[in-house]
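query04.pdb (PDB, N, CA and C atoms, pLDDT in the B column)
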ATOM      1  N   MET A   1    -154.965 -75.572  67.532  1.00 77.00           N
ATOM      2  CA  MET A   1    -154.660 -74.227  67.939  1.00 77.00           C
ATOM      3  C   MET A   1    -153.178 -73.936  67.750  1.00 77.00           C
ATOM      4  N   GLN A   2    -152.338 -74.913  68.047  1.00 83.00           N
ATOM      5  CA  GLN A   2    -150.903 -74.688  67.904  1.00 83.00           C
ATOM      6  C   GLN A   2    -150.529 -74.461  66.444  1.00 83.00           C
ATOM      7  N   ASP A   3    -151.166 -75.199  65.543  1.00 83.00           N
ATOM      8  CA  ASP A   3    -150.890 -74.998  64.121  1.00 83.00           C
ATOM      9  C   ASP A   3    -151.290 -73.597  63.692  1.00 83.00           C
ATOM     10  N   PHE A   4    -152.446 -73.116  64.161  1.00 80.00           N
ATOM     11  CA  PHE A   4    -152.873 -71.761  63.803  1.00 80.00           C
ATOM     12  C   PHE A   4    -151.871 -70.741  64.334  1.00 80.00           C
ATOM     13  N   GLU A   5    -151.441 -70.939  65.576  1.00 84.00           N
ATOM     14  CA  GLU A   5    -150.488 -70.003  66.166  1.00 84.00           C
ATOM     15  C   GLU A   5    -149.155 -70.008  65.412  1.00 84.00           C
ATOM     16  N   LYS A   6    -148.696 -71.172  65.015  1.00 88.00           N
ATOM     17  CA  LYS A   6    -147.419 -71.288  64.319  1.00 88.00           C
ATOM     18  C   LYS A   6    -147.483 -70.779  62.889  1.00 88.00           C
ATOM     19  N   PHE A   7    -148.599 -71.040  62.224  1.00 85.00           N
ATOM     20  CA  PHE A   7    -148.676 -70.819  60.785  1.00 85.00           C
ATOM     21  C   PHE A   7    -149.729 -69.789  60.373  1.00 85.00           C
ATOM     22  N   GLU A   8    -150.064 -68.874  61.268  1.00 86.00           N
ATOM     23  CA  GLU A   8    -151.097 -67.888  60.957  1.00 86.00           C
ATOM     24  C   GLU A   8    -150.751 -67.068  59.711  1.00 86.00           C
ATOM     25  N   GLU A   9    -149.519 -66.629  59.600  1.00 86.00           N
ATOM     26  CA  GLU A   9    -149.126 -65.824  58.434  1.00 86.00           C
ATOM     27  C   GLU A   9    -149.225 -66.633  57.144  1.00 86.00           C
ATOM     28  N   GLU A  10    -148.829 -67.901  57.195  1.00 86.00           N
ATOM     29  CA  GLU A  10    -148.929 -68.757  56.016  1.00 86.00           C
ATOM     30  C   GLU A  10    -150.387 -68.993  55.621  1.00 86.00           C
ATOM     31  N   LEU A  11    -151.253 -69.156  56.625  1.00 84.00           N
ATOM     32  CA  LEU A  11    -152.672 -69.333  56.339  1.00 84.00           C
ATOM     33  C   LEU A  11    -153.256 -68.078  55.687  1.00 84.00           C
ATOM     34  N   LYS A  12    -152.839 -66.918  56.163  1.00 83.00           N
ATOM     35  CA  LYS A  12    -153.298 -65.672  55.555  1.00 83.00           C
ATOM     36  C   LYS A  12    -152.861 -65.589  54.094  1.00 83.00           C
ATOM     37  N   GLN A  13    -151.594 -65.932  53.847  1.00 81.00           N
ATOM     38  CA  GLN A  13    -151.084 -65.857  52.479  1.00 81.00           C
ATOM     39  C   GLN A  13    -151.788 -66.859  51.575  1.00 81.00           C
ATOM     40  N   THR A  14    -152.101 -68.035  52.101  1.00 79.00           N
ATOM     41  CA  THR A  14    -152.830 -69.034  51.328  1.00 79.00           C
ATOM     42  C   THR A  14    -154.208 -68.515  50.945  1.00 79.00           C
ATOM     43  N   THR A  15    -154.871 -67.852  51.869  1.00 78.00           N
ATOM     44  CA  THR A  15    -156.186 -67.280  51.583  1.00 78.00           C
ATOM     45  C   THR A  15    -156.080 -66.196  50.519  1.00 78.00           C
ATOM     46  N   ILE A  16    -155.070 -65.350  50.620  1.00 73.00           N
ATOM     47  CA  ILE A  16    -154.863 -64.294  49.628  1.00 73.00           C
ATOM     48  C   ILE A  16    -154.557 -64.900  48.266  1.00 73.00           C
ATOM     49  N   ASP A  17    -153.668 -65.885  48.238  1.00 72.00           N
ATOM     50  CA  ASP A  17    -153.312 -66.532  46.974  1.00 72.00           C
ATOM     51  C   ASP A  17    -154.506 -67.253  46.356  1.00 72.00           C
ATOM     52  N   GLY A  18    -155.404 -67.752  47.184  1.00 71.00           N
ATOM     53  CA  GLY A  18    -156.594 -68.428  46.685  1.00 71.00           C
ATOM     54  C   GLY A  18    -157.509 -67.502  45.914  1.00 71.00           C
ATOM     55  N   GLU A  19    -157.379 -66.220  46.147  1.00 65.00           N
ATOM     56  CA  GLU A  19    -158.208 -65.249  45.446  1.00 65.00           C
ATOM     57  C   GLU A  19    -157.736 -65.010  44.019  1.00 65.00           C
ATOM     58  N   VAL A  20    -156.571 -65.546  43.653  1.00 60.00           N
ATOM     59  CA  VAL A  20    -156.062 -65.376  42.291  1.00 60.00           C
ATOM     60  C   VAL A  20    -157.065 -65.920  41.286  1.00 60.00           C
ATOM     61  N   ALA A  21    -157.697 -67.022  41.612  1.00 55.00           N
ATOM     62  CA  ALA A  21    -158.617 -67.672  40.680  1.00 55.00           C
ATOM     63  C   ALA A  21    -159.962 -66.953  40.566  1.00 55.00           C
ATOM     64  N   ARG A  22    -160.271 -66.126  41.536  1.00 59.00           N
ATOM     65  CA  ARG A  22    -161.566 -65.434  41.503  1.00 59.00           C
ATOM     66  C   ARG A  22    -161.520 -64.241  40.556  1.00 59.00           C
ATOM     67  N   ARG A  23    -162.615 -64.008  39.894  1.00 54.00           N
ATOM     68  CA  ARG A  23    -162.707 -62.843  39.000  1.00 54.00           C
ATOM     69  C   ARG A  23    -163.963 -62.067  39.332  1.00 54.00           C
ATOM     70  N   ILE A  24    -163.883 -60.778  39.180  1.00 53.00           N
ATOM     71  CA  ILE A  24    -165.032 -59.934  39.465  1.00 53.00           C
ATOM     72  C   ILE A  24    -166.121 -60.187  38.428  1.00 53.00           C
ATOM     73  N   ASP A  25    -165.765 -60.213  37.179  1.00 53.00           N
ATOM     74  CA  ASP A  25    -166.689 -60.592  36.105  1.00 53.00           C
ATOM     75  C   ASP A  25    -165.874 -61.213  34.976  1.00 53.00           C
ATOM     76  N   GLN A  26    -166.507 -61.622  33.914  1.00 53.00           N
ATOM     77  CA  GLN A  26    -165.837 -62.352  32.847  1.00 53.00           C
ATOM     78  C   GLN A  26    -164.738 -61.540  32.152  1.00 53.00           C
ATOM     79  N   GLU A  27    -164.872 -60.232  32.117  1.00 59.00           N
ATOM     80  CA  GLU A  27    -163.880 -59.418  31.420  1.00 59.00           C
ATOM     81  C   GLU A  27    -162.738 -58.964  32.310  1.00 59.00           C
ATOM     82  N   ASP A  28    -162.932 -59.023  33.587  1.00 58.00           N
ATOM     83  CA  ASP A  28    -161.886 -58.592  34.512  1.00 58.00           C
ATOM     84  C   ASP A  28    -161.011 -59.794  34.845  1.00 58.00           C
ATOM     85  N   LEU A  29    -159.752 -59.743  34.459  1.00 56.00           N
ATOM     86  CA  LEU A  29    -158.856 -60.873  34.634  1.00 56.00           C
ATOM     87  C   LEU A  29    -158.173 -60.898  35.996  1.00 56.00           C
ATOM     88  N   HIS A  30    -158.441 -59.924  36.816  1.00 57.00           N
ATOM     89  CA  HIS A  30    -157.862 -59.920  38.145  1.00 57.00           C
ATOM     90  C   HIS A  30    -158.841 -59.303  39.130  1.00 57.00           C
ATOM     91  N   ALA A  31    -158.602 -59.561  40.370  1.00 56.00           N
ATOM     92  CA  ALA A  31    -159.411 -58.982  41.435  1.00 56.00           C
ATOM     93  C   ALA A  31    -158.455 -58.464  42.506  1.00 56.00           C
ATOM     94  N   ASP A  32    -158.977 -57.661  43.384  1.00 61.00           N
ATOM     95  CA  ASP A  32    -158.167 -57.188  44.501  1.00 61.00           C
ATOM     96  C   ASP A  32    -158.055 -58.340  45.496  1.00 61.00           C
ATOM     97  N   LYS A  33    -156.967 -59.078  45.392  1.00 61.00           N
ATOM     98  CA  LYS A  33    -156.818 -60.300  46.181  1.00 61.00           C
ATOM     99  C   LYS A  33    -156.854 -60.026  47.676  1.00 61.00           C
ATOM    100  N   ARG A  34    -156.167 -59.017  48.119  1.00 63.00           N
ATOM    101  CA  ARG A  34    -156.096 -58.765  49.550  1.00 63.00           C
ATOM    102  C   ARG A  34    -157.459 -58.359  50.109  1.00 63.00           C
ATOM    103  N   ALA A  35    -158.186 -57.518  49.408  1.00 66.00           N
ATOM    104  CA  ALA A  35    -159.500 -57.098  49.878  1.00 66.00           C
ATOM    105  C   ALA A  35    -160.471 -58.272  49.915  1.00 66.00           C
ATOM    106  N   ASN A  36    -160.431 -59.116  48.885  1.00 64.00           N
ATOM    107  CA  ASN A  36    -161.327 -60.266  48.847  1.00 64.00           C
ATOM    108  C   ASN A  36    -160.995 -61.290  49.917  1.00 64.00           C
ATOM    109  N   ALA A  37    -159.765 -61.349  50.348  1.00 67.00           N
ATOM    110  CA  ALA A  37    -159.338 -62.333  51.341  1.00 67.00           C
ATOM    111  C   ALA A  37    -159.512 -61.836  52.770  1.00 67.00           C
ATOM    112  N   THR A  38    -159.826 -60.578  52.958  1.00 73.00           N
ATOM    113  CA  THR A  38    -159.891 -60.008  54.302  1.00 73.00           C
ATOM    114  C   THR A  38    -160.945 -60.678  55.164  1.00 73.00           C
ATOM    115  N   ILE A  39    -162.126 -60.905  54.642  1.00 75.00           N
ATOM    116  CA  ILE A  39    -163.214 -61.492  55.437  1.00 75.00           C
ATOM    117  C   ILE A  39    -162.858 -62.901  55.902  1.00 75.00           C
ATOM    118  N   PRO A  40    -162.399 -63.802  54.999  1.00 78.00           N
ATOM    119  CA  PRO A  40    -162.015 -65.131  55.507  1.00 78.00           C
ATOM    120  C   PRO A  40    -160.894 -65.092  56.541  1.00 78.00           C
ATOM    121  N   ILE A  41    -159.939 -64.197  56.371  1.00 79.00           N
ATOM    122  CA  ILE A  41    -158.845 -64.078  57.339  1.00 79.00           C
ATOM    123  C   ILE A  41    -159.395 -63.633  58.691  1.00 79.00           C
ATOM    124  N   GLN A  42    -160.274 -62.634  58.680  1.00 84.00           N
ATOM    125  CA  GLN A  42    -160.859 -62.156  59.928  1.00 84.00           C
ATOM    126  C   GLN A  42    -161.709 -63.237  60.588  1.00 84.00           C
ATOM    127  N   LYS A  43    -162.412 -64.009  59.774  1.00 85.00           N
ATOM    128  CA  LYS A  43    -163.238 -65.085  60.320  1.00 85.00           C
ATOM    129  C   LYS A  43    -162.360 -66.161  60.956  1.00 85.00           C
ATOM    130  N   GLN A  44    -161.239 -66.513  60.323  1.00 85.00           N
ATOM    131  CA  GLN A  44    -160.320 -67.493  60.908  1.00 85.00           C
ATOM    132  C   GLN A  44    -159.818 -67.012  62.260  1.00 85.00           C
ATOM    133  N   ARG A  45    -159.453 -65.751  62.322  1.00 87.00           N
ATOM    134  CA  ARG A  45    -158.930 -65.178  63.570  1.00 87.00           C
ATOM    135  C   ARG A  45    -160.001 -65.172  64.648  1.00 87.00           C
ATOM    136  N   TRP A  46    -161.245 -64.824  64.286  1.00 90.00           N
ATOM    137  CA  TRP A  46    -162.353 -64.790  65.238  1.00 90.00           C
ATOM    138  C   TRP A  46    -162.631 -66.185  65.778  1.00 90.00           C
ATOM    139  N   VAL A  47    -162.675 -67.187  64.903  1.00 89.00           N
ATOM    140  CA  VAL A  47    -162.918 -68.570  65.332  1.00 89.00           C
ATOM    141  C   VAL A  47    -161.804 -69.029  66.263  1.00 89.00           C
ATOM    142  N   TYR A  48    -160.569 -68.722  65.914  1.00 89.00           N
ATOM    143  CA  TYR A  48    -159.435 -69.082  66.764  1.00 89.00           C
ATOM    144  C   TYR A  48    -159.571 -68.441  68.147  1.00 89.00           C
ATOM    145  N   GLN A  49    -159.906 -67.171  68.195  1.00 91.00           N
ATOM    146  CA  GLN A  49    -160.028 -66.482  69.472  1.00 91.00           C
ATOM    147  C   GLN A  49    -161.151 -67.075  70.320  1.00 91.00           C
ATOM    148  N   ARG A  50    -162.293 -67.406  69.714  1.00 92.00           N
ATOM    149  CA  ARG A  50    -163.410 -68.028  70.446  1.00 92.00           C
ATOM    150  C   ARG A  50    -162.991 -69.399  70.977  1.00 92.00           C
ATOM    151  N   TYR A  51    -162.337 -70.184  70.133  1.00 91.00           N
ATOM    152  CA  TYR A  51    -161.900 -71.510  70.537  1.00 91.00           C
ATOM    153  C   TYR A  51    -160.893 -71.417  71.683  1.00 91.00           C
ATOM    154  N   ARG A  52    -159.988 -70.484  71.576  1.00 90.00           N
ATOM    155  CA  ARG A  52    -158.986 -70.302  72.632  1.00 90.00           C
ATOM    156  C   ARG A  52    -159.642 -69.882  73.942  1.00 90.00           C
ATOM    157  N   PHE A  53    -160.618 -69.004  73.873  1.00 91.00           N
ATOM    158  CA  PHE A  53    -161.341 -68.556  75.054  1.00 91.00           C
ATOM    159  C   PHE A  53    -162.046 -69.728  75.722  1.00 91.00           C
ATOM    160  N   TYR A  54    -162.773 -70.523  74.931  1.00 88.00           N
ATOM    161  CA  TYR A  54    -163.539 -71.623  75.505  1.00 88.00           C
ATOM    162  C   TYR A  54    -162.644 -72.738  76.034  1.00 88.00           C
ATOM    163  N   THR A  55    -161.532 -73.005  75.383  1.00 88.00           N
ATOM    164  CA  THR A  55    -160.647 -74.047  75.897  1.00 88.00           C
ATOM    165  C   THR A  55    -159.912 -73.577  77.151  1.00 88.00           C
ATOM    166  N   ALA A  56    -159.639 -72.302  77.255  1.00 87.00           N
ATOM    167  CA  ALA A  56    -158.979 -71.781  78.448  1.00 87.00           C
ATOM    168  C   ALA A  56    -159.942 -71.755  79.639  1.00 87.00           C
ATOM    169  N   ALA A  57    -161.229 -71.645  79.373  1.00 82.00           N
ATOM    170  CA  ALA A  57    -162.223 -71.566  80.431  1.00 82.00           C
ATOM    171  C   ALA A  57    -162.505 -72.923  81.066  1.00 82.00           C
ATOM    172  N   THR A  58    -162.142 -73.984  80.356  1.00 69.00           N
ATOM    173  CA  THR A  58    -162.451 -75.309  80.908  1.00 69.00           C
ATOM    174  C   THR A  58    -161.314 -75.887  81.692  1.00 69.00           C
TER     175      THR A  58
END
This structure in structure tokens:
Amino acid sequence: MQDFEKFEEELKQTTIDGEVARRIDQEDLHADKRANATIPIQKQRWVYQRYRFYTAAT
């Protein structure tokens, strides 16, 4: 949890940068990196929030 709290912005950027390799189709050489990375970023944040809630409850 501490790593997520410290490095959340870096994790977001890593997810966005990871989308560089993805292509929409064979002819499209780029994709909207930020839009494609939004779901994984939101999922990371949701998992972190659930984990934080459950660890605080115990």
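Across the structure, CA of Ala56 in chain A and atom N of Ile16 in chain A are spaced 28.8 Å apart.
Closest to Ile41 in chain A among A:Thr55, A:Glu10, A:Gln2, A:Thr15 is A:Thr15, based on only C-alpha atoms.
Here atom C of Asp17 in chain A stands at a distance of 18.1 Å from CA of Phe4 in chain A.
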Inset, instruction - Up to 12 Å from (-160.1, -63.9, 64.3) in the file's coordinates: name the residues, counting only C-alpha atoms, as a list in words. - result: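 Those residues lying close to the given coordinates are Phe4, Glu5, Glu8, Lys12, Thr38, Ile39, Pro40, Ile41, Gln42, Lys43, Gln44, Arg45, Trp46, Val47, Tyr48, Gln49, Arg50, Tyr51, Arg52 and Phe53 of chain A.
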